[in-house]
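Dropping data19.txt in here (compact mmCIF, C-alpha atoms and all ligand atoms):
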```txt
# COMPACT_ATOMS: atom_id res chain seq x y z
CA MET A 1 -13.99 4.72 29.69
CA SER A 2 -17.50 6.04 29.05
CA ALA A 3 -20.31 4.04 27.49
CA LEU A 4 -19.57 2.62 24.07
CA SER A 5 -21.92 2.58 21.17
CA GLU A 6 -21.54 0.90 17.85
CA PHE A 7 -22.27 2.21 14.38
CA SER A 8 -22.45 0.32 11.17
CA CYS A 9 -22.12 2.09 7.85
CA GLU A 10 -24.63 1.09 5.18
CA SER A 11 -22.37 2.50 2.52
CA CYS A 12 -18.95 0.87 3.15
CA GLY A 13 -19.85 -1.85 5.65
CA SER A 14 -17.50 -0.73 8.42
CA LEU A 15 -18.39 -1.41 12.05
CA VAL A 16 -17.18 1.39 14.27
CA GLN A 17 -17.18 1.68 18.04
CA VAL A 18 -17.24 5.09 19.64
CA GLU A 19 -17.62 6.46 23.10
CA ALA A 20 -20.94 8.21 23.64
CA HIS A 21 -19.39 11.70 23.56
CA LEU A 22 -17.57 10.98 20.25
CA ARG A 23 -20.80 10.00 18.54
CA THR A 24 -20.80 10.86 14.87
CA ALA A 25 -23.43 11.53 12.24
CA THR A 26 -21.26 10.46 9.31
CA CYS A 27 -19.04 7.46 8.66
CA PRO A 28 -15.41 8.33 9.48
CA TYR A 29 -14.22 6.22 6.52
CA CYS A 30 -16.49 7.30 3.68
CA ALA A 31 -18.30 10.37 5.05
CA SER A 32 -21.63 8.71 4.23
CA PRO A 33 -24.50 9.81 6.49
CA ALA A 34 -25.94 6.28 6.27
CA VAL A 35 -24.70 5.23 9.70
CA ILE A 36 -26.95 3.17 11.95
CA GLU A 37 -26.52 2.93 15.67
CA ARG A 38 -27.00 -0.50 17.13
CA PRO A 39 -26.30 -2.35 20.33
CA LEU A 40 -22.78 -3.70 20.83
CA SER A 41 -22.71 -6.96 18.93
CA GLY A 42 -20.11 -8.77 21.01
CA GLY A 43 -18.86 -12.15 19.96
CA ARG A 44 -16.32 -10.68 17.54
CA PRO A 45 -12.67 -11.50 18.08
CA GLN A 46 -10.82 -9.40 20.67
CA PRO A 47 -7.61 -7.76 19.52
CA THR A 48 -4.38 -9.24 20.88
CA PHE A 49 -2.20 -6.17 20.24
CA VAL A 50 -2.46 -2.41 19.78
CA LEU A 51 -0.06 0.03 18.14
CA ALA A 52 -0.59 3.44 19.71
CA PHE A 53 -0.91 6.77 17.91
CA VAL A 54 2.39 8.69 17.88
CA LEU A 55 1.61 11.38 15.30
CA PRO A 56 -0.59 14.12 16.81
CA HIS A 57 -3.79 15.39 15.13
CA GLU A 58 -2.21 18.71 14.05
CA ALA A 59 0.74 17.04 12.32
CA ALA A 60 -1.54 14.52 10.58
CA LEU A 61 -3.85 17.31 9.40
CA ASP A 62 -0.84 19.24 8.04
CA ALA A 63 0.42 16.16 6.20
CA ALA A 64 -3.02 15.50 4.69
CA ARG A 65 -3.47 19.18 3.67
CA ARG A 66 -0.06 19.32 2.02
CA TRP A 67 -0.81 16.09 0.17
CA VAL A 68 -4.15 17.39 -1.16
CA ARG A 69 -2.75 20.81 -2.15
CA ARG A 70 0.27 19.26 -3.86
CA ALA A 71 -1.69 16.77 -5.94
CA TRP A 72 -0.69 18.83 -9.01
CA PHE A 73 -2.33 16.53 -11.53
CA ALA A 74 -5.61 16.29 -9.67
CA LYS A 75 -8.73 18.18 -10.60
CA GLU A 76 -8.65 21.75 -9.23
CA ALA A 77 -11.93 21.28 -7.33
CA PHE A 78 -10.27 18.46 -5.38
CA ARG A 79 -7.15 20.48 -4.55
CA LYS A 80 -9.36 23.25 -3.17
CA ALA A 81 -11.55 20.92 -1.14
CA LYS A 82 -11.90 21.43 2.60
CA VAL A 83 -9.51 19.27 4.59
CA GLU A 84 -10.83 19.07 8.12
CA ALA A 85 -12.83 15.95 8.97
CA LEU A 86 -9.68 14.02 9.93
CA ARG A 87 -10.31 11.33 12.51
CA GLY A 88 -7.95 8.97 14.27
CA ILE A 89 -9.20 5.41 14.01
CA TYR A 90 -7.81 2.22 15.44
CA VAL A 91 -8.16 0.05 12.35
CA PRO A 92 -8.36 -3.74 12.78
CA ALA A 93 -5.69 -5.71 10.96
CA TYR A 94 -4.19 -9.17 11.22
CA LEU A 95 -0.55 -9.69 12.02
CA PHE A 96 0.45 -12.85 10.25
CA SER A 97 3.55 -15.03 10.41
CA ALA A 98 4.46 -18.48 9.13
CA ALA A 99 7.35 -20.76 8.30
CA ALA A 100 7.71 -21.05 4.52
CA HIS A 101 9.14 -24.09 2.72
CA ALA A 102 9.60 -23.65 -0.99
CA ASP A 103 10.91 -25.55 -4.01
CA TYR A 104 11.97 -23.37 -6.88
CA SER A 105 13.44 -23.57 -10.35
CA ALA A 106 14.66 -20.83 -12.65
CA GLN A 107 16.76 -20.19 -15.72
CA ILE A 108 20.10 -18.65 -14.75
CA GLY A 109 22.05 -16.72 -17.35
CA GLU A 110 25.85 -16.28 -17.31
CA ASN A 111 27.27 -13.63 -19.60
CA TYR A 112 30.45 -14.21 -21.64
CA GLN A 113 32.30 -12.29 -24.31
CA GLU A 114 32.50 -13.67 -27.80
CA THR A 115 34.99 -12.43 -30.38
CA TYR A 116 33.96 -12.49 -34.01
CA THR A 117 35.11 -11.03 -37.30
CA THR A 118 32.96 -9.04 -39.66
CA THR A 119 33.34 -6.44 -42.39
CA ASP A 120 32.82 -2.77 -41.65
CA SER A 121 31.11 -0.22 -43.90
CA LYS A 122 34.28 0.22 -45.98
CA GLY A 123 34.62 -3.50 -46.64
CA ARG A 124 37.54 -4.07 -44.27
CA THR A 125 37.70 -7.13 -42.04
CA VAL A 126 37.49 -6.19 -38.35
CA THR A 127 37.39 -8.08 -35.08
CA ARG A 128 34.67 -7.22 -32.56
CA THR A 129 33.39 -8.64 -29.28
CA ARG A 130 29.83 -9.10 -28.16
CA THR A 131 28.18 -10.22 -24.92
CA LYS A 132 26.32 -13.49 -25.06
CA THR A 133 24.41 -15.33 -22.35
CA GLU A 134 24.54 -18.99 -21.57
CA TRP A 135 21.42 -20.31 -19.84
CA HIS A 136 21.14 -23.23 -17.49
CA THR A 137 18.43 -24.48 -15.15
CA LEU A 138 18.81 -24.17 -11.42
CA SER A 139 16.47 -25.68 -8.89
CA GLY A 140 16.64 -25.67 -5.13
CA ARG A 141 14.97 -25.47 -1.76
CA TYR A 142 14.30 -22.42 0.33
CA ALA A 143 13.09 -22.22 3.90
CA ALA A 144 12.53 -19.09 5.96
CA TYR A 145 10.30 -17.48 8.51
CA VAL A 146 7.93 -14.84 7.14
CA SER A 147 6.70 -12.46 9.80
CA ASP A 148 5.41 -8.91 10.02
CA VAL A 149 2.78 -9.43 7.32
CA VAL A 150 -0.07 -7.01 8.11
CA VAL A 151 -3.42 -7.21 6.29
CA THR A 152 -6.66 -5.33 6.77
CA ALA A 153 -9.55 -6.77 8.78
CA SER A 154 -11.65 -3.66 8.14
CA ARG A 155 -14.53 -3.34 5.72
CA GLY A 156 -13.84 0.40 5.67
CA ILE A 157 -10.21 0.25 4.52
CA GLN A 158 -9.06 -1.98 1.70
CA ASN A 159 -5.83 -3.91 1.86
CA HIS A 160 -4.07 -1.91 -0.87
CA GLU A 161 -4.86 1.29 1.06
CA LEU A 162 -3.32 -0.11 4.21
CA GLU A 163 -0.28 -1.23 2.20
CA GLY A 164 -0.04 2.36 0.96
CA VAL A 165 0.79 3.63 4.47
CA GLU A 166 2.78 0.62 5.68
CA PRO A 167 5.13 -0.23 7.26
CA PHE A 168 4.05 0.09 10.86
CA ASP A 169 6.73 -0.09 13.51
CA LEU A 170 5.88 -3.41 15.14
CA ARG A 171 8.49 -2.97 17.85
CA ALA A 172 5.95 -0.68 19.54
CA LEU A 173 3.31 -3.44 20.05
CA HIS A 174 1.30 -3.25 23.25
CA ARG A 175 -0.91 -5.98 24.65
CA TYR A 176 -4.53 -4.97 24.00
CA SER A 177 -6.39 -3.26 26.78
CA PRO A 178 -9.63 -1.28 26.29
CA ARG A 179 -7.98 1.55 28.27
CA LEU A 180 -5.63 2.22 25.31
CA LEU A 181 -8.59 3.09 23.10
CA SER A 182 -10.07 5.66 25.43
CA GLY A 183 -10.85 8.84 23.49
CA TRP A 184 -10.46 7.18 20.10
CA ILE A 185 -12.68 5.58 17.52
CA ALA A 186 -12.01 1.89 16.96
CA GLU A 187 -13.38 -0.47 14.38
CA GLU A 188 -14.21 -4.06 15.13
CA ALA A 189 -12.80 -6.74 12.87
CA SER A 190 -15.57 -6.51 10.30
CA MET A 191 -13.98 -8.93 7.81
CA ALA A 192 -14.06 -12.67 8.41
CA ALA A 193 -10.80 -14.15 9.73
CA ALA A 194 -10.67 -16.68 6.88
CA GLU A 195 -10.90 -13.94 4.25
CA CYS A 196 -8.03 -12.03 5.92
CA ARG A 197 -6.02 -15.23 6.20
CA GLN A 198 -6.18 -15.65 2.42
CA LEU A 199 -5.01 -12.04 1.93
CA ALA A 200 -2.10 -12.72 4.30
CA ILE A 201 -1.18 -16.00 2.60
CA ASP A 202 -1.09 -14.21 -0.77
CA GLU A 203 1.20 -11.51 0.67
CA ALA A 204 3.46 -14.07 2.35
CA MET A 205 3.75 -16.08 -0.90
CA ALA A 206 4.63 -12.93 -2.85
CA GLU A 207 7.27 -12.13 -0.22
CA VAL A 208 8.81 -15.65 -0.53
CA HIS A 209 8.90 -15.27 -4.32
CA GLN A 210 10.67 -11.90 -4.02
CA ARG A 211 13.19 -13.20 -1.51
CA ILE A 212 14.11 -16.16 -3.73
CA ALA A 213 14.44 -13.87 -6.78
CA LYS A 214 16.95 -11.81 -4.77
CA ILE A 215 19.22 -14.72 -3.86
CA LEU A 216 19.41 -16.26 -7.35
CA PRO A 217 22.97 -16.27 -8.74
CA GLY A 218 24.07 -15.35 -12.25
CA ASP A 219 23.95 -12.22 -14.40
CA LYS A 220 20.34 -12.72 -15.46
CA GLN A 221 17.38 -14.80 -14.31
CA ARG A 222 14.12 -15.76 -15.96
CA GLY A 223 11.14 -18.06 -15.54
CA LEU A 224 11.26 -18.34 -11.74
CA GLN A 225 8.73 -20.95 -10.55
CA VAL A 226 8.08 -21.23 -6.84
CA SER A 227 5.95 -23.81 -5.12
CA ALA A 228 5.70 -22.98 -1.43
CA ARG A 229 3.79 -24.18 1.58
CA LEU A 230 3.31 -22.38 4.85
CA GLU A 231 3.48 -24.05 8.27
CA ASP A 232 3.10 -22.89 11.87
CA ILE A 233 0.75 -20.13 10.79
CA ASP A 234 0.04 -17.53 13.44
CA GLN A 235 -2.62 -14.88 12.95
CA GLU A 236 -3.21 -12.27 15.65
CA LEU A 237 -5.71 -9.44 15.63
CA LEU A 238 -4.02 -6.07 15.89
CA LEU A 239 -5.29 -2.49 15.98
CA VAL A 240 -3.20 -0.05 13.93
CA PRO A 241 -3.34 3.76 14.26
CA VAL A 242 -4.57 5.49 11.10
CA TRP A 243 -5.72 9.08 10.59
CA VAL A 244 -8.57 8.89 8.08
CA LEU A 245 -9.85 11.78 6.02
CA PRO A 246 -12.72 11.39 3.57
CA VAL A 247 -12.26 14.43 1.28
CA ARG A 248 -15.59 15.52 -0.18
CA TRP A 249 -15.40 17.54 -3.37
CA GLY A 250 -17.25 18.36 -6.59
CA GLU A 251 -20.16 20.71 -7.33
CA GLU A 252 -22.46 19.00 -4.88
CA GLN A 253 -19.71 17.62 -2.64
CA GLU A 254 -20.83 14.29 -4.03
CA GLN A 255 -17.38 12.80 -4.67
CA VAL A 256 -15.28 11.23 -1.92
CA VAL A 257 -11.56 10.49 -1.97
CA ARG A 258 -10.16 8.83 1.12
CA VAL A 259 -6.78 9.98 2.38
CA LEU A 260 -4.97 7.90 5.02
CA VAL A 261 -2.11 9.02 7.24
CA ASN A 262 -0.06 6.46 9.17
CA GLY A 263 -0.50 7.34 12.87
CA GLN A 264 3.12 6.42 13.57
CA SER A 265 5.21 7.48 10.57
CA GLY A 266 3.02 10.13 8.91
CA ALA A 267 3.12 8.29 5.54
CA VAL A 268 0.19 9.44 3.37
CA PHE A 269 -1.85 7.42 0.85
CA GLY A 270 -4.76 8.31 -1.38
CA LYS A 271 -5.83 8.31 -5.01
CA PRO A 272 -6.46 11.87 -6.20
CA PRO A 273 -8.92 12.25 -9.10
CA ARG A 274 -6.73 12.79 -12.20
CA SER A 275 -7.25 15.78 -14.40
CA TRP A 276 -6.68 14.64 -17.99
CA VAL A 277 -6.76 18.27 -19.14
CA LYS A 278 -3.65 19.00 -17.03
CA ILE A 279 -1.88 15.79 -18.03
CA ILE A 280 -2.49 16.40 -21.75
CA ALA A 281 -1.38 20.05 -21.36
CA LEU A 282 1.91 18.86 -19.81
CA VAL A 283 2.49 16.34 -22.61
CA VAL A 284 1.89 19.11 -25.20
CA VAL A 285 4.37 21.43 -23.42
CA ILE A 286 7.04 18.69 -23.28
CA LEU A 287 6.55 17.81 -26.97
CA GLY A 288 6.77 21.56 -27.79
CA LEU A 289 10.09 21.80 -25.94
CA ILE A 290 11.49 18.74 -27.71
CA ILE A 291 10.43 19.99 -31.16
CA GLY A 292 11.61 23.54 -30.35
CA GLY A 293 15.00 22.20 -29.20
CA TRP A 294 15.31 20.09 -32.34
CA LEU A 295 14.49 23.06 -34.62
CA LEU A 296 16.98 25.22 -32.76
CA ALA A 297 19.67 22.54 -33.15
CA GLN A 298 19.02 22.46 -36.92
CA HIS A 299 19.86 26.18 -37.17
CA LEU A 300 23.06 26.12 -35.15
ZN ZN B 1 -18.72 4.19 5.50
```

Translate the structure described by the file into structure tokens.
Ligand SMILES: [Zn+2]
Amino acid sequence: MSALSEFSCESCGSLVQVEAHLRTATCPYCASPAVIERPLSGGRPQPTFVLAFVLPHEAALDAARRWVRRAWFAKEAFRKAKVEALRGIYVPAYLFSAAAHADYSAQIGENYQETYTTTDSKGRTVTRTRTKTEWHTLSGRYAAYVSDVVVTASRGIQNHELEGVEPFDLRALHRYSPRLLSGWIAEEASMAAAECRQLAIDEAMAEVHQRIAKILPGDKQRGLQVSARLEDIDQELLLVPVWVLPVRWGEEQEQVVRVLVNGQSGAVFGKPPRSWVKIIALVVVILGLIIGGWLLAQHL
């Protein structure tokens, strides 16, 4: 592996390591030119695991291009933007697991049929049935192991963006070795471990809540309250393979939309700039069709 240098981005706060020959004048995350070269900082946590790139550059570029061109409700200038500065980055993330112990309570509804008599529009007495729900309270305990929670440790990529291209196939984990990163850009864990831990705890708690909601009996459920605690927490630094494309567009190329492509599965995530003109035009067309259809029906 050739000499490494480190760049920090003034604009998004990412901390990127590149080999000397991959040196870059713009930030691979946000395309900002405000990158500053500095000596390797050291002292940051070493990754434990790496997930290798599977999807080649060409395939990732194709996926990103298709995604940009097919963003039908995006502004035209965005759909015509150049799609080329795609870079593969090993993005730092934490792999989090814990044993969850939860107490929960919820209202469980059981449906039953009730027969009743009423009078119809002609004044006759008729018998009808209706569905009613009987509610009772259920409380219980739930214990399970929550693993495979992945959260960002990168200042360059936010957690909801990473979630947008998850899941990663964790069966392909390798033990970290600097050799695996040769020829690639890698970011150091630029977020504090404690901050990432809170993100992971929030995700794990949401997962426990969802799992309990799924196992509740009855025809209906409401008011699920979960109080959970996590034990045996394990948090390992992991590098995940992501193709990152900051799409510059607009009159002065001043706007940036970041498109991510999962380096294993090819899943794409980004937020295209919405064109309200197009959305309103579509709504008008649909209303026109509905009104036209209604008028036509009146004359048949
Ligand atoms: Zn940046």

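Closest approach to ligand ZN 1 (chain B) among A:Arg258, A:Lys214, A:Arg141, A:Lys122 is made by A:Arg258 (distances from all atoms listed in the file).
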
message: Considering all atoms listed in the file, can you say which of A:Arg274, A:Arg175, A:Arg197, A:His299 comes closest to Gln46 of chain A?
response: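 Among the listed residues, A:Arg175 lies closest to Gln46 of chain A.
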
message: Please identify all protein, DNA and RNA residues within 10 Å of ligand ZN 1 (chain B), counting all atoms listed in the file, and report them as a PyMOL selection string.
response: chain A and resi 7-16+26-35+155-157+246

task: Around the point (-0.7, 13.4, 4.2) in the file's coordinates, collect all residues with an atom within 8 Å, using all atoms listed in the file, and return them as number ranges by chain.
output: A: 60-68, 259-261, 266-269

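Shortest atom-to-atom contact with Leu239 of chain A among A:Val151, A:Val50, A:Leu55, A:Ala194: A:Val50, counting all atoms listed in the file.
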
Nearest to Asp169 of chain A by atom-to-atom distance, counting all atoms listed in the file, from A:Ile185, A:Lys271, A:Asn262, A:Ser139: A:Asn262

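Distance annotation: of A:Gly223, A:Pro273, A:Gly263, A:Gly288, the residue with the minimal separation from Ala59 of chain A is A:Gly263; atom set is all atoms listed in the file.
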
message: Please report the interatomic distance between atom CA of Leu51 of chain A and atom CA of Leu181 of chain A in Å with one decimal.
response: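 For atom CA of Leu51 of chain A relative to atom CA of Leu181 of chain A, the distance reads 10.3 Å.
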
message: So the first atom is atom CA of Ile279 of chain A and the second is atom CA of Ala77 of chain A; what is the distance between them in Å, to one decimal place?
response: 15.7 Å

Residue with smallest distance to Ser265 of chain A - pool A:Val242, A:Leu138, A:Ile215, A:Leu282, counting all atoms listed in the file: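 The shortest atom-to-atom distance to Ser265 of chain A comes from A:Val242.
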
- request: Quick one: everything within 8 Å of Ala204 of chain A, counting only C-alpha atoms, minus sequence neighbours fewer than 4 positions away in the same chain. Send it as a list in words.
  value: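 Counting only the stated atoms, we get Val146, Val149, Ala200 and Val208 of chain A.
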
field: atom CA of Glu236 of chain A to atom CA of Gly88 of chain A, distance in Å rounded to a single decimal
entry: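 So the answer is 21.8 Å.
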
message: I'd like the neighbourhood of Ala99 of chain A as a PyMOL selection string, where a residue qualifies if any of its atoms comes within 9 Å (using all atoms listed in the file), though same-chain residues fewer than 6 positions away should be ignored.
response: chain A and resi 143-147+229-233

task: Just give me the residues with any atom within 7 Å of (-8.5, 0.8, 15.3), file coordinates, counting all atoms listed in the file, written as an MDAnalysis selection string.
output: chainID A and resid 89:92 185:187 239:241
